[in-house]
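This report concerns only the one structure given below.
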Amino acid sequence: MTARVVTVRRKEQLGWAQRTYLPAILKGLATTSRVFFRNLGGWLSGKPTAFVVQYPEERVDHPDAFRGMPVLVQLENGLPKCVACGLCEFACPTDCISIVPGELPEHGIERWPTAFDIDMSRCMFCGLCEEACPEEAIVMSRQVELAGFDRASMLYEKADLLVPENLLERRLGFLRSEYDRKHAKLPARAPGA
């Protein structure tokens, strides 16, 4: 198989206009002006062409696969669904999750987290903790607006992370549909290929 030879013209002399970048500047101004006047015409006609959200008052409805900050699923009795197995802590690439397991014999639970902390200043919202959890106890919420004046305020404890299960139904439904999804089979390879 032969390769195509590409000759690079290194000694090509650029013209006066090309050396001043004038054609590139005019092309950029033309694109900017076209978009500006298209959006202005849409605004004047009452049919806006640009997608704008008035942020604090309006919110964007994120898709089901959206990953916000991780939260703990809270059962109806107020306890977390977590069994403190430590798989999410092990799967976390930034080591931002720390769990202290304990026992709760009066509720019939052998193992549960006495402390469950997530350092949100280190969390990268990857969702590996959610994938590792066998109990669907930690899920990625839709909350992404996290702010703090110091690092200590970004340490979320178990009480801060608990969210009732009925508020997480949309994400839990998405996760359960992913379990049942049929993956497309790869095409069969020809012999000798």
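As shown in the structure tokens, the chain order sets the letters A, B, ...; within each chain, residues go from 1, and ligands are also counted from 1 in the order they appear.
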
**OP:** Tell me, as a ChimeraX atom specification, which residues lie within 12 Å of A:Arg170, counting only C-alpha atoms; anything in the same chain fewer than 3 positions away does not count.
**Re:** /A:61-66,139-142,165-167,173-177

Contacts of A:Ser98 within 12 Å, only C-alpha atoms, excl. fewer than 3 positions in-chain, as a compact mmCIF listing (two decimals) with C-alpha atoms, in the first residue's frame:
# COMPACT_ATOMS: atom_id res chain seq x y z
CA ALA A 84 -21.71 0.88 54.97
CA CYS A 85 -20.14 -1.70 52.69
CA GLY A 86 -17.46 0.79 51.66
CA LEU A 87 -17.64 0.09 47.92
CA CYS A 88 -18.36 3.72 47.07
CA GLU A 89 -15.44 4.82 49.21
CA PHE A 90 -13.20 2.32 47.40
CA ALA A 91 -14.46 3.30 43.92
CA CYS A 92 -14.01 7.05 44.43
CA THR A 94 -10.49 11.37 44.47
CA ASP A 95 -10.93 9.73 47.90
CA PRO A 101 -19.52 1.70 59.88
CA PRO A 113 -22.92 4.26 58.56
CA THR A 114 -22.43 6.07 61.85
CA ALA A 115 -20.57 8.72 59.84
CA PHE A 116 -20.74 9.32 56.09
CA ASP A 117 -18.83 12.35 54.84
CA ILE A 118 -18.20 13.65 51.32
CA ASP A 119 -15.72 16.44 50.66
CA MET A 120 -17.51 18.26 47.81
CA CYS A 129 -19.79 5.76 43.70
CA LEU A 155 -17.53 18.94 53.85
CA TYR A 156 -21.02 17.41 53.76
CA GLU A 157 -21.95 15.04 56.58
CA LYS A 158 -24.59 12.32 56.65

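Straight-line separation from atom CA of A:Cys133 to atom CA of A:Cys82: 8.6 Å.
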
**OP:** Could you tell me, as a ChimeraX atom specification, which residues of stretch 5-136 of chain A DSSP assigns to alpha helix (DSSP H) when given the backbone?
**Re:** /A:16-19,22-45,87-91,128-132

Store the residues of this selection in a file with C-alpha atoms, as a PDB file, in the first residue's frame.
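The result, written out as part-v2.pdb:
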ATOM      1  CA  TRP A  16       0.145  42.171   2.642  1.00  0.00           C
ATOM      2  CA  ALA A  17      -3.480  41.453   3.682  1.00  0.00           C
ATOM      3  CA  GLN A  18      -2.689  37.969   4.969  1.00  0.00           C
ATOM      4  CA  ARG A  19       0.177  39.223   7.092  1.00  0.00           C
ATOM      5  CA  LEU A  22      -7.361  41.344   7.689  1.00  0.00           C
ATOM      6  CA  PRO A  23      -9.317  38.612   5.814  1.00  0.00           C
ATOM      7  CA  ALA A  24      -9.640  36.510   9.010  1.00  0.00           C
ATOM      8  CA  ILE A  25     -10.829  39.534  11.031  1.00  0.00           C
ATOM      9  CA  LEU A  26     -13.432  40.444   8.399  1.00  0.00           C
ATOM     10  CA  LYS A  27     -14.665  36.850   8.237  1.00  0.00           C
ATOM     11  CA  GLY A  28     -15.093  36.798  12.030  1.00  0.00           C
ATOM     12  CA  LEU A  29     -16.927  40.128  12.023  1.00  0.00           C
ATOM     13  CA  ALA A  30     -19.258  38.871   9.293  1.00  0.00           C
ATOM     14  CA  THR A  31     -20.149  35.773  11.308  1.00  0.00           C
ATOM     15  CA  THR A  32     -20.729  37.785  14.488  1.00  0.00           C
ATOM     16  CA  SER A  33     -22.872  40.363  12.664  1.00  0.00           C
ATOM     17  CA  ARG A  34     -24.969  37.677  10.952  1.00  0.00           C
ATOM     18  CA  VAL A  35     -25.785  35.966  14.255  1.00  0.00           C
ATOM     19  CA  PHE A  36     -26.436  39.272  16.017  1.00  0.00           C
ATOM     20  CA  PHE A  37     -28.907  40.526  13.405  1.00  0.00           C
ATOM     21  CA  ARG A  38     -30.651  37.129  13.197  1.00  0.00           C
ATOM     22  CA  ASN A  39     -31.181  37.167  16.970  1.00  0.00           C
ATOM     23  CA  LEU A  40     -32.251  40.830  16.921  1.00  0.00           C
ATOM     24  CA  GLY A  41     -34.820  40.112  14.203  1.00  0.00           C
ATOM     25  CA  GLY A  42     -36.194  37.187  16.194  1.00  0.00           C
ATOM     26  CA  TRP A  43     -36.457  39.322  19.317  1.00  0.00           C
ATOM     27  CA  LEU A  44     -38.236  42.150  17.468  1.00  0.00           C
ATOM     28  CA  SER A  45     -40.716  39.731  15.855  1.00  0.00           C
ATOM     29  CA  LEU A  87     -17.636   0.088  47.921  1.00  0.00           C
ATOM     30  CA  CYS A  88     -18.363   3.725  47.065  1.00  0.00           C
ATOM     31  CA  GLU A  89     -15.436   4.817  49.208  1.00  0.00           C
ATOM     32  CA  PHE A  90     -13.195   2.320  47.402  1.00  0.00           C
ATOM     33  CA  ALA A  91     -14.463   3.301  43.919  1.00  0.00           C
ATOM     34  CA  LEU A 128     -18.456   5.873  40.135  1.00  0.00           C
ATOM     35  CA  CYS A 129     -19.787   5.764  43.701  1.00  0.00           C
ATOM     36  CA  GLU A 130     -23.308   5.392  42.314  1.00  0.00           C
ATOM     37  CA  GLU A 131     -22.258   2.577  39.997  1.00  0.00           C
ATOM     38  CA  ALA A 132     -20.428   0.722  42.766  1.00  0.00           C
TER      39      ALA A 132
END

Subject >> DSSP-assigned strand (DSSP E) among stretch 22-171 of chain A, expressed as an MDAnalysis selection string >> reply: chainID A and resid 70:74 97:104 109:119 138:140 155:156 162:164

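Here atom CA of A:Leu172 stands at a distance of 17.8 Å from atom CA of A:Val144.
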
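Nearest residue to A:Val83 among A:Arg4, A:Arg10, A:Arg111, A:Arg151 is A:Arg111, counting only C-alpha atoms.
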
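With distances restricted to only C-alpha atoms, A:Ile138 is the closest residue to A:Gln74 from A:Ile138, A:Val5, A:Lys47, A:Leu146.
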
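Between atom CA of A:Leu161 and atom CA of A:Val53 there is a distance of 28.2 Å.
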
**OP:** Could you tell me which of A:Cys123, A:Ile97, A:Leu79, A:Ala50 comes closest to A:Val163 if we count only C-alpha atoms?
**Re:** A:Leu79

**OP:** Identify, on the basis of only C-alpha atoms, every residue whose closest approach to A:Pro164 does not exceed 8 Å; exclude the query and any residue fewer than 5 positions from it along the same chain; express the result as a PyMOL selection string.
**Re:** chain A and resi 73-76
